[in-house]
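Visitor: Quick one, target_9.cif (mmCIF, C-alpha atoms):
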```cif
data_run
loop_
_atom_site.label_atom_id
_atom_site.label_comp_id
_atom_site.auth_asym_id
_atom_site.auth_seq_id
_atom_site.Cartn_x
_atom_site.Cartn_y
_atom_site.Cartn_z
CA MET A 1 5.69 -7.78 -33.17
CA ARG A 2 7.85 -9.17 -30.34
CA LEU A 3 8.08 -5.73 -28.75
CA CYS A 4 4.29 -5.55 -28.65
CA ARG A 5 4.13 -8.88 -26.77
CA TRP A 6 6.69 -7.72 -24.19
CA ILE A 7 4.80 -4.49 -23.64
CA LEU A 8 1.56 -6.41 -23.21
CA LEU A 9 3.15 -8.81 -20.69
CA PHE A 10 4.68 -5.89 -18.78
CA SER A 11 1.34 -4.08 -18.59
CA ILE A 12 -0.37 -7.24 -17.31
CA PHE A 13 2.14 -8.12 -14.58
CA LEU A 14 2.91 -4.58 -13.37
CA PRO A 15 -0.17 -4.38 -11.10
CA VAL A 16 0.71 -7.74 -9.51
CA SER A 17 3.88 -6.44 -7.86
CA GLY A 18 3.51 -5.00 -4.38
CA VAL A 19 5.12 -4.51 -1.03
CA SER A 20 4.05 -6.60 1.92
CA SER A 21 4.14 -5.42 5.49
CA ALA A 22 5.13 -7.80 8.22
CA GLN A 23 4.13 -7.88 11.85
CA THR A 24 6.52 -8.80 14.60
CA ASP A 25 6.66 -9.36 18.33
CA ASN A 26 9.68 -7.02 18.59
CA TRP A 27 8.72 -3.91 20.60
CA ALA A 28 11.60 -1.96 19.01
CA VAL A 29 9.67 -1.61 15.72
CA LEU A 30 7.51 1.04 17.41
CA SER A 31 10.40 3.43 18.09
CA PRO A 32 10.95 4.59 14.50
CA LEU A 33 7.26 5.35 13.96
CA LEU A 34 6.86 9.04 13.31
CA ALA A 35 5.28 11.13 16.02
CA HIS A 36 2.21 12.03 13.98
CA GLN A 37 1.35 8.65 12.48
CA LYS A 38 -2.10 7.33 13.33
CA VAL A 39 -2.00 4.07 15.27
CA LYS A 40 -4.43 1.84 17.15
CA VAL A 41 -3.21 0.19 20.34
CA VAL A 42 -5.33 -2.82 21.33
CA THR A 43 -4.97 -3.94 24.93
CA TYR A 44 -5.67 -7.31 26.49
CA ASP A 45 -8.79 -5.96 28.22
CA GLY A 46 -10.37 -5.41 24.77
CA LYS A 47 -10.02 -1.63 24.66
CA SER A 48 -8.68 0.18 21.59
CA HIS A 49 -6.80 3.45 21.83
CA VAL A 50 -6.54 5.40 18.56
CA GLY A 51 -4.31 8.40 18.03
CA ALA A 52 -0.90 9.68 17.09
CA ILE A 53 2.14 8.32 18.92
CA GLN A 54 3.58 10.83 21.34
CA SER A 55 6.38 8.67 22.77
CA VAL A 56 7.62 5.09 22.96
CA THR A 57 9.95 3.80 25.65
CA GLY A 58 11.29 0.32 26.37
CA ASP A 59 8.14 -0.67 28.25
CA THR A 60 5.46 1.97 27.54
CA VAL A 61 3.70 3.73 24.69
CA GLN A 62 1.98 7.11 24.94
CA LEU A 63 -0.63 8.32 22.47
CA GLU A 64 -1.79 11.93 22.27
CA HIS A 65 -4.67 12.60 24.68
CA ASP A 66 -4.36 9.11 26.25
CA PRO A 67 -2.68 7.86 29.41
CA VAL A 68 0.55 5.89 29.23
CA ILE A 69 -0.05 2.27 28.19
CA GLU A 70 2.27 -0.38 29.62
CA LYS A 71 3.87 -2.88 27.24
CA VAL A 72 2.53 -5.84 29.26
CA ASP A 73 -1.02 -4.60 28.59
CA VAL A 74 -0.56 -4.20 24.81
CA GLN A 75 -1.88 -7.02 22.67
CA GLN A 76 -1.13 -5.42 19.31
CA VAL A 77 -0.34 -2.13 17.61
CA LEU A 78 -1.81 -1.35 14.21
CA LEU A 79 -0.66 1.40 11.84
CA TRP A 80 -3.19 3.25 9.66
CA SER A 81 -2.46 2.98 5.96
CA PRO A 82 -4.47 5.42 3.83
CA GLY A 83 -6.03 4.47 0.52
CA HIS A 84 -3.95 3.97 -2.61
CA HIS A 85 -5.58 6.22 -5.22
CA GLY A 86 -2.21 7.69 -6.24
CA ARG A 87 -0.61 4.26 -6.58
CA ASN A 88 -3.60 2.99 -8.57
CA ALA A 89 -3.37 6.02 -10.86
CA MET A 90 0.34 5.38 -11.50
CA ILE A 91 -0.29 1.70 -12.25
CA GLY A 92 -3.11 2.68 -14.60
CA LEU A 93 -0.90 5.28 -16.27
CA ALA A 94 1.94 2.80 -16.83
CA SER A 95 -0.43 0.10 -18.06
CA GLY A 96 -2.18 2.56 -20.37
CA ILE A 97 1.11 3.78 -21.81
CA GLY A 98 2.08 0.16 -22.46
CA VAL A 99 -1.21 -0.51 -24.21
CA GLY A 100 -0.86 2.72 -26.20
CA LEU A 101 2.64 1.81 -27.34
CA GLY A 102 1.46 -1.68 -28.25
CA PHE A 103 -1.46 -0.23 -30.17
CA GLY A 104 0.87 2.19 -31.93
CA ALA A 105 3.27 -0.60 -32.87
CA ALA A 106 0.40 -2.60 -34.34
CA CYS A 107 -1.10 0.20 -36.42
CA GLY A 108 0.50 2.25 -39.12
CA GLY A 109 3.04 1.02 -41.58
CA LYS A 110 4.61 1.68 -44.99
CA ASP A 111 1.44 2.30 -46.97
CA ALA A 112 -0.72 3.63 -44.12
CA PHE A 113 -1.94 7.18 -43.68
CA VAL A 114 0.10 7.54 -40.46
CA SER A 115 3.39 6.00 -39.37
CA LYS A 116 3.98 3.67 -36.42
CA GLY A 117 5.77 6.47 -34.56
CA GLN A 118 2.80 8.79 -34.97
CA CYS A 119 0.44 6.07 -33.74
CA MET A 120 2.65 5.53 -30.69
CA ALA A 121 2.91 9.26 -30.05
CA VAL A 122 -0.88 9.55 -29.97
CA GLY A 123 -1.73 6.17 -28.43
CA ALA A 124 0.63 6.31 -25.42
CA PRO A 125 -0.69 9.56 -23.89
CA PHE A 126 -4.31 8.76 -24.79
CA PHE A 127 -4.34 5.28 -23.26
CA GLY A 128 -2.05 6.42 -20.42
CA GLY A 129 -4.52 9.13 -19.43
CA LEU A 130 -7.40 6.69 -19.76
CA GLY A 131 -5.59 4.16 -17.56
CA ALA A 132 -4.73 6.79 -14.94
CA GLY A 133 -8.37 7.90 -14.83
CA ILE A 134 -9.53 4.33 -14.34
CA GLY A 135 -6.89 3.82 -11.63
CA VAL A 136 -8.11 6.85 -9.67
CA LEU A 137 -11.70 5.66 -9.85
CA LEU A 138 -10.93 2.19 -8.49
CA PRO A 139 -12.10 1.74 -4.91
CA SER A 140 -9.23 2.17 -2.48
CA ARG A 141 -9.96 2.16 1.21
CA GLY A 142 -7.49 2.70 3.98
CA GLN A 143 -6.79 -0.14 6.36
CA TRP A 144 -5.11 -1.02 9.63
CA GLN A 145 -1.87 -2.99 9.31
CA ALA A 146 -0.43 -4.83 12.29
CA VAL A 147 3.14 -3.75 13.08
CA TYR A 148 3.45 -5.28 16.55
CA ARG A 149 1.74 -8.30 18.08
CA ALA A 150 2.61 -9.37 21.60
CA PRO A 151 3.63 -12.95 22.21
CA GLU A 152 0.87 -15.12 23.63
CA LYS A 153 0.27 -14.44 27.29
CA LYS A 154 0.62 -17.53 29.44
CA GLN A 155 -2.41 -18.36 31.52
CA THR A 156 -1.71 -18.59 35.20
CA THR A 157 -3.74 -21.14 37.08
CA THR A 158 -4.31 -21.04 40.77
CA SER A 159 -4.71 -24.20 42.76
CA PRO A 160 -7.20 -24.35 45.68
#
```
Translate the structure of the given file into structure tokens.

Guide:
Amino acid sequence: MRLCRWILLFSIFLPVSGVSSAQTDNWAVLSPLLAHQKVKVVTYDGKSHVGAIQSVTGDTVQLEHDPVIEKVDVQQVLLWSPGHHGRNAMIGLASGIGVGLGFGAACGGKDAFVSKGQCMAVGAPFFGGLGAGIGVLLPSRGQWQAVYRAPEKKQTTTSP
């Protein structure tokens, strides 16, 4: 019965784990971005330029079909992250397998029609497939994630 509790706990806490992305004011983080990744460059004048990165230098960024954008004009750069249907399906699959194994461990026995092993062998794929199907159907929208944010621009004041 202890194994069943561990499997249940594992299936509950598995979806909680995740990877966080961090933003930085270090311009060098833009260099390793692949040439065909979709980004949005937001400039201080409020304009947004969306496209794939063509090149990044020490003080400029060039998107496909856009003019060169100077680093001093860039407020932030956001990277497009597509939806997570595949990840959700894998989490659902793993959770379903855990539930199926727990169900299999709970059913069956010495005097039962089927053994615990047979219950597990049927329950794991059944509930795993069910969990994967539910994971795929969960809403999963893509989103913009900030990878670069310029330090605050200092206001210059002019005296009369």

Visitor: Which residue, A:Ala124, A:Val77, A:Leu138, A:Ala52, has the smallest gap to Phe103 (chain A) when you use all atoms listed in the file?

Guide: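 Selected residue with least distance to Phe103 (chain A): A:Ala124.
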
Visitor: Write out as a PDB file with C-alpha atoms, in the coordinates of the input the residues lying within 9 Å of Gln76 (chain A), counting all atoms listed in the file and excluding same-chain residues fewer than 5 positions away.

Guide:
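Heads up, here's the output in part-v9.pdb:
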```pdb
ATOM      1  CA  ASP A  25       6.660  -9.360  18.330  1.00  0.00           C
ATOM      2  CA  LYS A  40      -4.430   1.840  17.150  1.00  0.00           C
ATOM      3  CA  VAL A  41      -3.210   0.190  20.340  1.00  0.00           C
ATOM      4  CA  VAL A  42      -5.330  -2.820  21.330  1.00  0.00           C
ATOM      5  CA  THR A  43      -4.970  -3.940  24.930  1.00  0.00           C
ATOM      6  CA  TYR A  44      -5.670  -7.310  26.490  1.00  0.00           C
ATOM      7  CA  ALA A 146      -0.430  -4.830  12.290  1.00  0.00           C
ATOM      8  CA  VAL A 147       3.140  -3.750  13.080  1.00  0.00           C
ATOM      9  CA  TYR A 148       3.450  -5.280  16.550  1.00  0.00           C
ATOM     10  CA  ARG A 149       1.740  -8.300  18.080  1.00  0.00           C
ATOM     11  CA  ALA A 150       2.610  -9.370  21.600  1.00  0.00           C
TER      12      ALA A 150
END
```

Visitor: Go through A:Gly83, A:Gly133, A:Gly100, A:Pro139 and flag the residue nearest Ala121 (chain A), using only C-alpha atoms for the distances.

Guide: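 Selected residue with least distance to Ala121 (chain A): A:Gly100.
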
Visitor: Of the residues A:Lys38, A:Pro67, A:Ser55, A:Ser31, which is the one nearest to Leu79 (chain A), using only C-alpha atoms?

Guide: A:Lys38

Visitor: Which is closer to Gly46 (chain A) than all the others in A:Ala28, A:Val61, A:Val74, A:Ala132, using all atoms listed in the file?

Guide: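 Smallest separation from Gly46 (chain A) among the options: A:Val74.
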
Visitor: Which residue, A:Val72, A:Met120, A:Ala105, A:Leu63, has the smallest gap to Asp45 (chain A) when you use all atoms listed in the file?

Guide: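 Smallest distance to Asp45 (chain A) is found for A:Val72.
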
Visitor: Could you tell me how far CA of Ala106 (chain A) sits from CA of Cys119 (chain A), in Å to one decimal place?

Guide: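 We find that CA of Cys119 (chain A) and CA of Ala106 (chain A) lie 8.7 Å from each other.
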
Visitor: So what do you get for CA of Lys71 (chain A) versus CA of Gln143 (chain A), distance-wise?

Guide: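 One can read the CA of Lys71 (chain A) to CA of Gln143 (chain A) distance as 23.6 Å.
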
Visitor: What's the separation between CA of Glu152 (chain A) and CA of Gln54 (chain A), in Å to one decimal place?

Guide: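 Interatomic distance, CA of Glu152 (chain A) to CA of Gln54 (chain A): 26.2 Å.
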
Visitor: How would region 87-107 of chain A read, as a CSV table (one decimal), in the coordinates of the input, once N, CA and C atoms are built in?

Guide:
```csv
chain,number,residue,atom,x,y,z
A,87,ARG,N,-1.3,5.5,-6.1
A,87,ARG,CA,-0.6,4.3,-6.6
A,87,ARG,C,-1.4,3.6,-7.7
A,88,ASN,N,-2.7,3.6,-7.5
A,88,ASN,CA,-3.6,3.0,-8.6
A,88,ASN,C,-3.5,3.8,-9.8
A,89,ALA,N,-3.5,5.1,-9.7
A,89,ALA,CA,-3.4,6.0,-10.9
A,89,ALA,C,-2.1,5.8,-11.6
A,90,MET,N,-1.0,5.6,-10.9
A,90,MET,CA,0.3,5.4,-11.5
A,90,MET,C,0.4,4.0,-12.2
A,91,ILE,N,-0.2,3.0,-11.6
A,91,ILE,CA,-0.3,1.7,-12.2
A,91,ILE,C,-1.1,1.8,-13.5
A,92,GLY,N,-2.3,2.5,-13.4
A,92,GLY,CA,-3.1,2.7,-14.6
A,92,GLY,C,-2.4,3.5,-15.7
A,93,LEU,N,-1.7,4.5,-15.3
A,93,LEU,CA,-0.9,5.3,-16.3
A,93,LEU,C,0.1,4.4,-17.0
A,94,ALA,N,0.9,3.6,-16.2
A,94,ALA,CA,1.9,2.8,-16.8
A,94,ALA,C,1.3,1.7,-17.7
A,95,SER,N,0.2,1.1,-17.3
A,95,SER,CA,-0.4,0.1,-18.1
A,95,SER,C,-1.0,0.7,-19.3
A,96,GLY,N,-1.6,1.9,-19.2
A,96,GLY,CA,-2.2,2.6,-20.4
A,96,GLY,C,-1.1,3.0,-21.4
A,97,ILE,N,0.0,3.4,-20.9
A,97,ILE,CA,1.1,3.8,-21.8
A,97,ILE,C,1.6,2.5,-22.6
A,98,GLY,N,1.7,1.4,-21.8
A,98,GLY,CA,2.1,0.2,-22.5
A,98,GLY,C,1.1,-0.3,-23.5
A,99,VAL,N,-0.2,-0.2,-23.2
A,99,VAL,CA,-1.2,-0.5,-24.2
A,99,VAL,C,-1.1,0.4,-25.4
A,100,GLY,N,-0.9,1.7,-25.1
A,100,GLY,CA,-0.9,2.7,-26.2
A,100,GLY,C,0.3,2.5,-27.1
A,101,LEU,N,1.5,2.1,-26.5
A,101,LEU,CA,2.6,1.8,-27.3
A,101,LEU,C,2.4,0.5,-28.2
A,102,GLY,N,1.8,-0.5,-27.5
A,102,GLY,CA,1.5,-1.7,-28.2
A,102,GLY,C,0.5,-1.4,-29.4
A,103,PHE,N,-0.5,-0.6,-29.1
A,103,PHE,CA,-1.5,-0.2,-30.2
A,103,PHE,C,-0.8,0.5,-31.3
A,104,GLY,N,0.1,1.4,-30.9
A,104,GLY,CA,0.9,2.2,-31.9
A,104,GLY,C,1.8,1.3,-32.8
A,105,ALA,N,2.4,0.3,-32.1
A,105,ALA,CA,3.3,-0.6,-32.9
A,105,ALA,C,2.5,-1.5,-33.8
A,106,ALA,N,1.2,-1.7,-33.5
A,106,ALA,CA,0.4,-2.6,-34.3
A,106,ALA,C,-0.2,-1.8,-35.5
A,107,CYS,N,-0.5,-0.6,-35.3
A,107,CYS,CA,-1.1,0.2,-36.4
A,107,CYS,C,0.0,0.9,-37.2
```
